[in-house]
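Undergrad: Got a file for you: my_file29.pdb, PDB, C-alpha atoms, pLDDT in the B column.
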```pdb
ATOM      1  CA  MET A1472     -36.384  -2.826  28.901  1.00 48.00           C
ATOM      2  CA  THR A1473     -37.533  -0.735  25.950  1.00 52.00           C
ATOM      3  CA  LEU A1474     -35.866  -0.050  22.629  1.00 55.00           C
ATOM      4  CA  ASP A1475     -34.653   3.491  22.229  1.00 59.00           C
ATOM      5  CA  SER A1476     -35.178   4.664  18.645  1.00 60.00           C
ATOM      6  CA  GLN A1477     -32.613   7.393  19.329  1.00 67.00           C
ATOM      7  CA  THR A1478     -29.761   4.925  19.979  1.00 79.00           C
ATOM      8  CA  ARG A1479     -30.572   1.864  17.883  1.00 87.00           C
ATOM      9  CA  PRO A1480     -28.660   2.073  14.579  1.00 93.00           C
ATOM     10  CA  THR A1481     -30.413   1.864  11.237  1.00 94.00           C
ATOM     11  CA  TRP A1482     -29.592  -1.168   9.104  1.00 96.00           C
ATOM     12  CA  GLU A1483     -27.360   0.991   6.902  1.00 96.00           C
ATOM     13  CA  CYS A1484     -25.392   2.249   9.907  1.00 95.00           C
ATOM     14  CA  TYR A1485     -25.214  -1.260  11.389  1.00 96.00           C
ATOM     15  CA  PHE A1486     -23.712  -2.807   8.243  1.00 97.00           C
ATOM     16  CA  MET A1487     -21.364   0.152   7.725  1.00 97.00           C
ATOM     17  CA  ASP A1488     -20.139  -0.248  11.305  1.00 96.00           C
ATOM     18  CA  ILE A1489     -19.362  -3.881  10.480  1.00 97.00           C
ATOM     19  CA  ALA A1490     -17.509  -2.815   7.295  1.00 97.00           C
ATOM     20  CA  THR A1491     -15.471  -0.406   9.419  1.00 97.00           C
ATOM     21  CA  LEU A1492     -14.603  -3.227  11.808  1.00 97.00           C
ATOM     22  CA  VAL A1493     -13.654  -5.511   8.883  1.00 97.00           C
ATOM     23  CA  ALA A1494     -11.316  -2.753   7.605  1.00 96.00           C
ATOM     24  CA  ARG A1495      -9.252  -3.154  10.779  1.00 96.00           C
ATOM     25  CA  ARG A1496      -7.963  -6.468   9.340  1.00 94.00           C
ATOM     26  CA  SER A1497      -6.453  -4.631   6.348  1.00 93.00           C
ATOM     27  CA  THR A1498      -2.741  -5.063   5.747  1.00 89.00           C
ATOM     28  CA  CYS A1499      -2.480  -2.113   3.339  1.00 85.00           C
ATOM     29  CA  LEU A1500      -0.069   0.609   4.427  1.00 84.00           C
ATOM     30  CA  ARG A1501      -1.882   3.363   2.489  1.00 82.00           C
ATOM     31  CA  ARG A1502      -5.592   2.858   3.172  1.00 85.00           C
ATOM     32  CA  ALA A1503      -7.594   0.373   5.258  1.00 92.00           C
ATOM     33  CA  VAL A1504     -10.849  -0.582   3.514  1.00 95.00           C
ATOM     34  CA  GLY A1505     -13.572  -2.998   4.578  1.00 97.00           C
ATOM     35  CA  ALA A1506     -16.541  -4.393   2.642  1.00 98.00           C
ATOM     36  CA  VAL A1507     -19.656  -6.354   3.581  1.00 98.00           C
ATOM     37  CA  VAL A1508     -22.053  -7.983   1.110  1.00 98.00           C
ATOM     38  CA  VAL A1509     -25.605  -8.131   2.443  1.00 98.00           C
ATOM     39  CA  LYS A1510     -28.898  -9.563   1.190  1.00 98.00           C
ATOM     40  CA  ASP A1511     -32.193  -9.591   3.066  1.00 97.00           C
ATOM     41  CA  ARG A1512     -30.404  -8.088   6.087  1.00 97.00           C
ATOM     42  CA  ARG A1513     -28.026 -11.071   6.237  1.00 98.00           C
ATOM     43  CA  ILE A1514     -24.267 -10.873   5.789  1.00 98.00           C
ATOM     44  CA  LEU A1515     -23.158 -13.061   2.886  1.00 98.00           C
ATOM     45  CA  ALA A1516     -19.444 -12.196   2.712  1.00 98.00           C
ATOM     46  CA  THR A1517     -16.855  -9.764   4.000  1.00 98.00           C
ATOM     47  CA  GLY A1518     -13.535  -8.564   2.647  1.00 97.00           C
ATOM     48  CA  TYR A1519     -10.698  -6.213   3.428  1.00 96.00           C
ATOM     49  CA  ASN A1520      -7.809  -4.995   1.327  1.00 93.00           C
ATOM     50  CA  GLY A1521      -4.477  -6.761   1.506  1.00 91.00           C
ATOM     51  CA  ALA A1522      -2.232  -9.334  -0.081  1.00 88.00           C
ATOM     52  CA  PRO A1523      -3.671 -12.683  -1.221  1.00 89.00           C
ATOM     53  CA  SER A1524      -3.661 -15.609   1.230  1.00 90.00           C
ATOM     54  CA  GLY A1525      -0.204 -17.088   1.693  1.00 90.00           C
ATOM     55  CA  VAL A1526       1.555 -14.043   0.180  1.00 88.00           C
ATOM     56  CA  ARG A1527       3.631 -11.645   2.283  1.00 88.00           C
ATOM     57  CA  HIS A1528       1.813  -8.471   3.282  1.00 85.00           C
ATOM     58  CA  CYS A1529       2.950  -4.956   2.459  1.00 84.00           C
ATOM     59  CA  ALA A1530       3.776  -4.465   6.140  1.00 83.00           C
ATOM     60  CA  GLN A1531       6.496  -7.075   5.565  1.00 86.00           C
ATOM     61  CA  THR A1532       7.642  -6.089   2.075  1.00 84.00           C
ATOM     62  CA  GLY A1533       6.906  -2.373   1.990  1.00 83.00           C
ATOM     63  CA  CYS A1534       4.539  -0.607  -0.353  1.00 80.00           C
ATOM     64  CA  LEU A1535       5.882  -0.471  -3.903  1.00 80.00           C
ATOM     65  CA  ARG A1536       3.354   2.181  -4.930  1.00 78.00           C
ATOM     66  CA  GLN A1537       4.388   4.362  -1.999  1.00 79.00           C
ATOM     67  CA  GLN A1538       8.095   3.861  -2.788  1.00 79.00           C
ATOM     68  CA  LEU A1539       7.457   4.881  -6.411  1.00 81.00           C
ATOM     69  CA  LYS A1540       5.280   7.834  -5.279  1.00 81.00           C
ATOM     70  CA  VAL A1541       2.305   6.585  -7.317  1.00 80.00           C
ATOM     71  CA  PRO A1542      -0.744   8.803  -6.680  1.00 78.00           C
ATOM     72  CA  SER A1543      -3.878   7.278  -5.191  1.00 74.00           C
ATOM     73  CA  GLY A1544      -6.111   5.644  -7.798  1.00 70.00           C
ATOM     74  CA  GLN A1545      -3.339   5.038 -10.331  1.00 74.00           C
ATOM     75  CA  ARG A1546      -1.258   2.008 -11.347  1.00 77.00           C
ATOM     76  CA  HIS A1547      -3.258  -0.548  -9.346  1.00 72.00           C
ATOM     77  CA  GLU A1548      -1.282  -3.312 -11.072  1.00 75.00           C
ATOM     78  CA  LEU A1549       1.772  -2.365  -8.981  1.00 71.00           C
ATOM     79  CA  CYS A1550       0.013  -3.274  -5.741  1.00 79.00           C
ATOM     80  CA  ARG A1551       0.396  -6.654  -4.013  1.00 75.00           C
ATOM     81  CA  GLY A1552      -3.044  -6.275  -2.488  1.00 83.00           C
ATOM     82  CA  ILE A1553      -6.592  -7.059  -3.500  1.00 91.00           C
ATOM     83  CA  HIS A1554      -9.315  -4.511  -2.832  1.00 94.00           C
ATOM     84  CA  ALA A1555     -11.876  -5.147  -0.092  1.00 96.00           C
ATOM     85  CA  GLU A1556     -14.747  -5.340  -2.581  1.00 97.00           C
ATOM     86  CA  GLN A1557     -12.842  -7.875  -4.677  1.00 97.00           C
ATOM     87  CA  ASN A1558     -12.072  -9.987  -1.613  1.00 97.00           C
ATOM     88  CA  ALA A1559     -15.737  -9.985  -0.556  1.00 98.00           C
ATOM     89  CA  ILE A1560     -16.851 -11.092  -4.048  1.00 98.00           C
ATOM     90  CA  ILE A1561     -14.107 -13.747  -4.154  1.00 97.00           C
ATOM     91  CA  GLN A1562     -15.089 -15.064  -0.696  1.00 97.00           C
ATOM     92  CA  ALA A1563     -18.700 -15.448  -1.794  1.00 98.00           C
ATOM     93  CA  ALA A1564     -17.626 -17.307  -4.952  1.00 97.00           C
ATOM     94  CA  PHE A1565     -15.131 -19.466  -3.025  1.00 96.00           C
ATOM     95  CA  HIS A1566     -17.893 -20.612  -0.673  1.00 97.00           C
ATOM     96  CA  GLY A1567     -20.583 -20.937  -3.372  1.00 98.00           C
ATOM     97  CA  VAL A1568     -22.736 -18.071  -2.098  1.00 97.00           C
ATOM     98  CA  SER A1569     -24.796 -16.168  -4.671  1.00 97.00           C
ATOM     99  CA  ILE A1570     -24.607 -12.401  -4.212  1.00 98.00           C
ATOM    100  CA  LYS A1571     -26.948 -11.568  -7.085  1.00 98.00           C
ATOM    101  CA  GLY A1572     -29.288  -8.803  -5.969  1.00 98.00           C
ATOM    102  CA  ALA A1573     -27.248  -8.041  -2.840  1.00 98.00           C
ATOM    103  CA  SER A1574     -26.025  -4.719  -1.460  1.00 98.00           C
ATOM    104  CA  LEU A1575     -22.404  -3.808  -0.796  1.00 98.00           C
ATOM    105  CA  TYR A1576     -21.368  -1.750   2.217  1.00 98.00           C
ATOM    106  CA  CYS A1577     -17.862  -0.395   1.829  1.00 97.00           C
ATOM    107  CA  THR A1578     -15.827   2.103   3.809  1.00 96.00           C
ATOM    108  CA  ASN A1579     -14.677   3.692   0.529  1.00 94.00           C
ATOM    109  CA  GLN A1580     -16.361   4.286  -2.797  1.00 94.00           C
ATOM    110  CA  PRO A1581     -15.329   1.505  -5.218  1.00 95.00           C
ATOM    111  CA  CYS A1582     -12.765   2.180  -7.938  1.00 92.00           C
ATOM    112  CA  SER A1583     -13.470   1.421 -11.606  1.00 92.00           C
ATOM    113  CA  ILE A1584     -11.860  -2.038 -11.367  1.00 93.00           C
ATOM    114  CA  CYS A1585     -14.112  -2.975  -8.466  1.00 95.00           C
ATOM    115  CA  ALA A1586     -17.114  -1.318 -10.128  1.00 97.00           C
ATOM    116  CA  ARG A1587     -16.765  -3.706 -13.078  1.00 97.00           C
ATOM    117  CA  MET A1588     -16.681  -6.710 -10.739  1.00 97.00           C
ATOM    118  CA  ILE A1589     -19.648  -5.392  -8.737  1.00 98.00           C
ATOM    119  CA  ILE A1590     -21.684  -4.947 -11.910  1.00 98.00           C
ATOM    120  CA  ASN A1591     -20.957  -8.473 -13.177  1.00 97.00           C
ATOM    121  CA  ALA A1592     -21.515 -10.004  -9.729  1.00 97.00           C
ATOM    122  CA  GLY A1593     -25.118  -8.743  -9.812  1.00 97.00           C
ATOM    123  CA  ILE A1594     -24.863  -6.393  -6.829  1.00 98.00           C
ATOM    124  CA  LYS A1595     -27.691  -3.856  -7.011  1.00 98.00           C
ATOM    125  CA  ALA A1596     -26.809  -1.213  -4.388  1.00 98.00           C
ATOM    126  CA  ILE A1597     -23.666   0.285  -2.869  1.00 98.00           C
ATOM    127  CA  TYR A1598     -23.386   2.166   0.408  1.00 97.00           C
ATOM    128  CA  TYR A1599     -20.072   3.829   1.184  1.00 95.00           C
ATOM    129  CA  GLN A1600     -18.611   6.386   3.572  1.00 94.00           C
ATOM    130  CA  HIS A1601     -15.572   8.006   2.003  1.00 90.00           C
ATOM    131  CA  GLY A1602     -15.351   9.182  -1.590  1.00 84.00           C
ATOM    132  CA  TYR A1603     -12.758   8.143  -4.130  1.00 79.00           C
ATOM    133  CA  GLN A1604     -11.752  10.160  -7.161  1.00 79.00           C
ATOM    134  CA  ASP A1605     -12.794   7.784  -9.930  1.00 84.00           C
ATOM    135  CA  GLU A1606     -15.278   9.303 -12.338  1.00 90.00           C
ATOM    136  CA  LEU A1607     -15.273   6.201 -14.570  1.00 92.00           C
ATOM    137  CA  ALA A1608     -16.483   4.064 -11.653  1.00 92.00           C
ATOM    138  CA  ARG A1609     -19.367   6.459 -10.977  1.00 94.00           C
ATOM    139  CA  GLU A1610     -20.324   6.558 -14.659  1.00 95.00           C
ATOM    140  CA  MET A1611     -20.315   2.776 -15.060  1.00 96.00           C
ATOM    141  CA  LEU A1612     -22.314   2.171 -11.881  1.00 96.00           C
ATOM    142  CA  GLU A1613     -24.899   4.716 -12.997  1.00 96.00           C
ATOM    143  CA  GLU A1614     -25.091   3.194 -16.488  1.00 97.00           C
ATOM    144  CA  ALA A1615     -25.548  -0.264 -14.941  1.00 97.00           C
ATOM    145  CA  ASP A1616     -28.416   1.136 -12.831  1.00 97.00           C
ATOM    146  CA  ILE A1617     -26.747   0.345  -9.518  1.00 98.00           C
ATOM    147  CA  SER A1618     -27.906   2.669  -6.759  1.00 96.00           C
ATOM    148  CA  VAL A1619     -25.025   4.341  -4.946  1.00 96.00           C
ATOM    149  CA  HIS A1620     -25.437   6.050  -1.564  1.00 95.00           C
ATOM    150  CA  GLN A1621     -22.871   7.912   0.484  1.00 94.00           C
ATOM    151  CA  LEU A1622     -23.425   7.601   4.228  1.00 93.00           C
ATOM    152  CA  ASP A1623     -22.069  10.453   6.330  1.00 80.00           C
ATOM    153  CA  PRO A1624     -19.455   8.942   8.683  1.00 67.00           C
ATOM    154  CA  SER A1625     -19.826  11.834  11.146  1.00 65.00           C
ATOM    155  CA  GLN A1626     -23.590  11.445  11.479  1.00 56.00           C
ATOM    156  CA  PRO A1627     -24.590   8.157  13.101  1.00 51.00           C
ATOM    157  CA  GLU A1628     -28.023   7.195  11.858  1.00 50.00           C
ATOM    158  CA  VAL A1629     -30.590   5.837  14.260  1.00 45.00           C
ATOM    159  CA  GLY A1630     -34.018   4.336  13.858  1.00 44.00           C
ATOM    160  CA  LEU A1631     -36.113   1.237  14.245  1.00 41.00           C
TER     161      LEU A1631
END
```
Would you write out, as structure tokens, the structure that this file holds?
TA:
Amino acid sequence: MTLDSQTRPTWECYFMDIATLVARRSTCLRRAVGAVVVKDRRILATGYNGAPSGVRHCAQTGCLRQQLKVPSGQRHELCRGIHAEQNAIIQAAFHGVSIKGASLYCTNQPCSICARMIINAGIKAIYYQHGYQDELAREMLEEADISVHQLDPSQPEVGL
């Protein structure tokens, strides 16, 4: 059997595929997001968006932001859920895993709240698929010298 460089995914595609799978665990009614923290090609932590452990999910209570017609990216404090990036960082901390110098693969571009956590957690690179209208997040990540790369979800990358 030989390896086919035309079908074997690149590392970036591989980890993004895993983030997409993690997003399937999301309990958010508005947007399913998954995140994977990686260092030296090893997964350190994963996270998806949803209510904290032991707290009823939005599927059970309804989405307050949706009921109030809050636009995407606004009034995050009204949400029961935690963002995927936050959950991945919290999981690493909970289990005593250093993520300093790691990369974050996320199905969506981080918001400004998550960007602040990513910066202080020592993450050095972000790979995401879908954009998010948050100019402040982009500005802070650039100022903190964190490399940010959008991967095209319609173009599977291959390579050895």
Undergrad: Name the residues that the PyMOL selection byres ((chain A and resi 1591) around 12) pulls out of this structure, and write them as a ChimeraX atom specification.
TA: /A:1557,1560,1570-1572,1584-1590,1592-1595,1611-1612,1615,1617
Undergrad: Could you tell me which of A:Arg1512, A:Cys1550, A:Pro1480, A:Met1487 comes closest to A:Ala1573 if we count only C-alpha atoms?
TA: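 Under the stated criterion, the closest residue is A:Arg1512.
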Undergrad: Run the PyMOL selection byres ((chain A and resi 1576) around 7) against the file shown and list the residues it catches, as a PDB file with C-alpha atoms, in the frame of the given file.
TA:
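Generated file (out-v6.pdb):
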```pdb
ATOM      1  CA  PHE A1486     -23.712  -2.807   8.243  1.00 97.00           C
ATOM      2  CA  MET A1487     -21.364   0.152   7.725  1.00 97.00           C
ATOM      3  CA  ALA A1490     -17.509  -2.815   7.295  1.00 97.00           C
ATOM      4  CA  ALA A1506     -16.541  -4.393   2.642  1.00 98.00           C
ATOM      5  CA  VAL A1507     -19.656  -6.354   3.581  1.00 98.00           C
ATOM      6  CA  VAL A1508     -22.053  -7.983   1.110  1.00 98.00           C
ATOM      7  CA  SER A1574     -26.025  -4.719  -1.460  1.00 98.00           C
ATOM      8  CA  LEU A1575     -22.404  -3.808  -0.796  1.00 98.00           C
ATOM      9  CA  CYS A1577     -17.862  -0.395   1.829  1.00 97.00           C
ATOM     10  CA  THR A1578     -15.827   2.103   3.809  1.00 96.00           C
ATOM     11  CA  ILE A1597     -23.666   0.285  -2.869  1.00 98.00           C
ATOM     12  CA  TYR A1598     -23.386   2.166   0.408  1.00 97.00           C
ATOM     13  CA  TYR A1599     -20.072   3.829   1.184  1.00 95.00           C
TER      14      TYR A1599
END
```
Undergrad: Which residue gives the smallest distance to A:Leu1492 among A:Ser1543, A:Ser1569, A:Gln1537, A:Gly1518, with all atoms listed in the file counted?
TA: A:Gly1518
Undergrad: Could you check how far atom CA of A:Cys1499 sits from atom CA of A:Glu1606, in Å to one decimal?
TA: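 A separation of 23.2 Å between them.
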Undergrad: What's the 9 Å shell around A:Gly1521, counting all atoms listed in the file, without same-chain residues fewer than 5 positions away, as a short mmCIF file (atom, residue, chain, number, x, y, z; two decimals) with C-alpha atoms, in the frame of the given file?
TA:
```cif
data_model
loop_
_atom_site.label_atom_id
_atom_site.label_comp_id
_atom_site.auth_asym_id
_atom_site.auth_seq_id
_atom_site.Cartn_x
_atom_site.Cartn_y
_atom_site.Cartn_z
CA ARG A 1496 -7.96 -6.47 9.34
CA SER A 1497 -6.45 -4.63 6.35
CA THR A 1498 -2.74 -5.06 5.75
CA CYS A 1499 -2.48 -2.11 3.34
CA ALA A 1503 -7.59 0.37 5.26
CA HIS A 1528 1.81 -8.47 3.28
CA CYS A 1529 2.95 -4.96 2.46
CA ARG A 1551 0.40 -6.65 -4.01
CA GLY A 1552 -3.04 -6.28 -2.49
CA ILE A 1553 -6.59 -7.06 -3.50
CA HIS A 1554 -9.32 -4.51 -2.83
CA ALA A 1555 -11.88 -5.15 -0.09
CA ASN A 1558 -12.07 -9.99 -1.61
#
```
Undergrad: Under the rule that all atoms listed in the file are counted, which of A:Thr1517, A:Lys1510, A:Leu1500, A:Pro1523 is the nearest residue to A:Leu1535?
TA: A:Leu1500
Undergrad: Given only C-alpha atoms as the basis, pick out the residue of A:His1601, A:Arg1546, A:Arg1609, A:Arg1501 nearest to A:Asp1623.
TA: A:His1601
Undergrad: Just the number, please: distance in Å from atom CA of A:Cys1534 to atom CA of A:Ile1561, one decimal.
TA: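 Atom CA of A:Cys1534 sits 23.1 Å away from atom CA of A:Ile1561.
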Undergrad: Rank nothing, just name the residue among A:Pro1581, A:Gly1525, A:Gly1567, A:Gly1505 nearest to A:Gln1621, using only C-alpha atoms.
TA: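 Smallest distance to A:Gln1621 is found for A:Pro1581.
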Undergrad: Kindly give the distance, in Å, that separates atom CA of A:Val1493 and atom CA of A:Gln1604, rounded to a single decimal.
TA: 22.5 Å
Undergrad: Write out as lines of an AutoDock Vina configuration file an axis-aligned box for stretch 1529-1547 of chain A: all of its atoms listed in the file, 8 Å added on each side, centre and edge lengths in Å with one decimal.
TA:
```
center_x = 1.0
center_y = 0.9
center_z = -2.6
size_x = 30.2
size_y = 31.9
size_z = 33.5
```
Undergrad: Applied to this file, what does the PyMOL selection byres ((chain A and resi 1602) around 6) return in terms of residues, put as a PyMOL selection string?
TA: chain A and resi 1579-1580+1601+1603
Undergrad: Using all atoms listed in the file, which of A:Val1509, A:Ala1530, A:Leu1622, A:Leu1539 sits nearest A:Ala1559?
TA: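 Between A:Val1509, A:Ala1530, A:Leu1622, A:Leu1539, the residue approaching A:Ala1559 most closely is A:Val1509.
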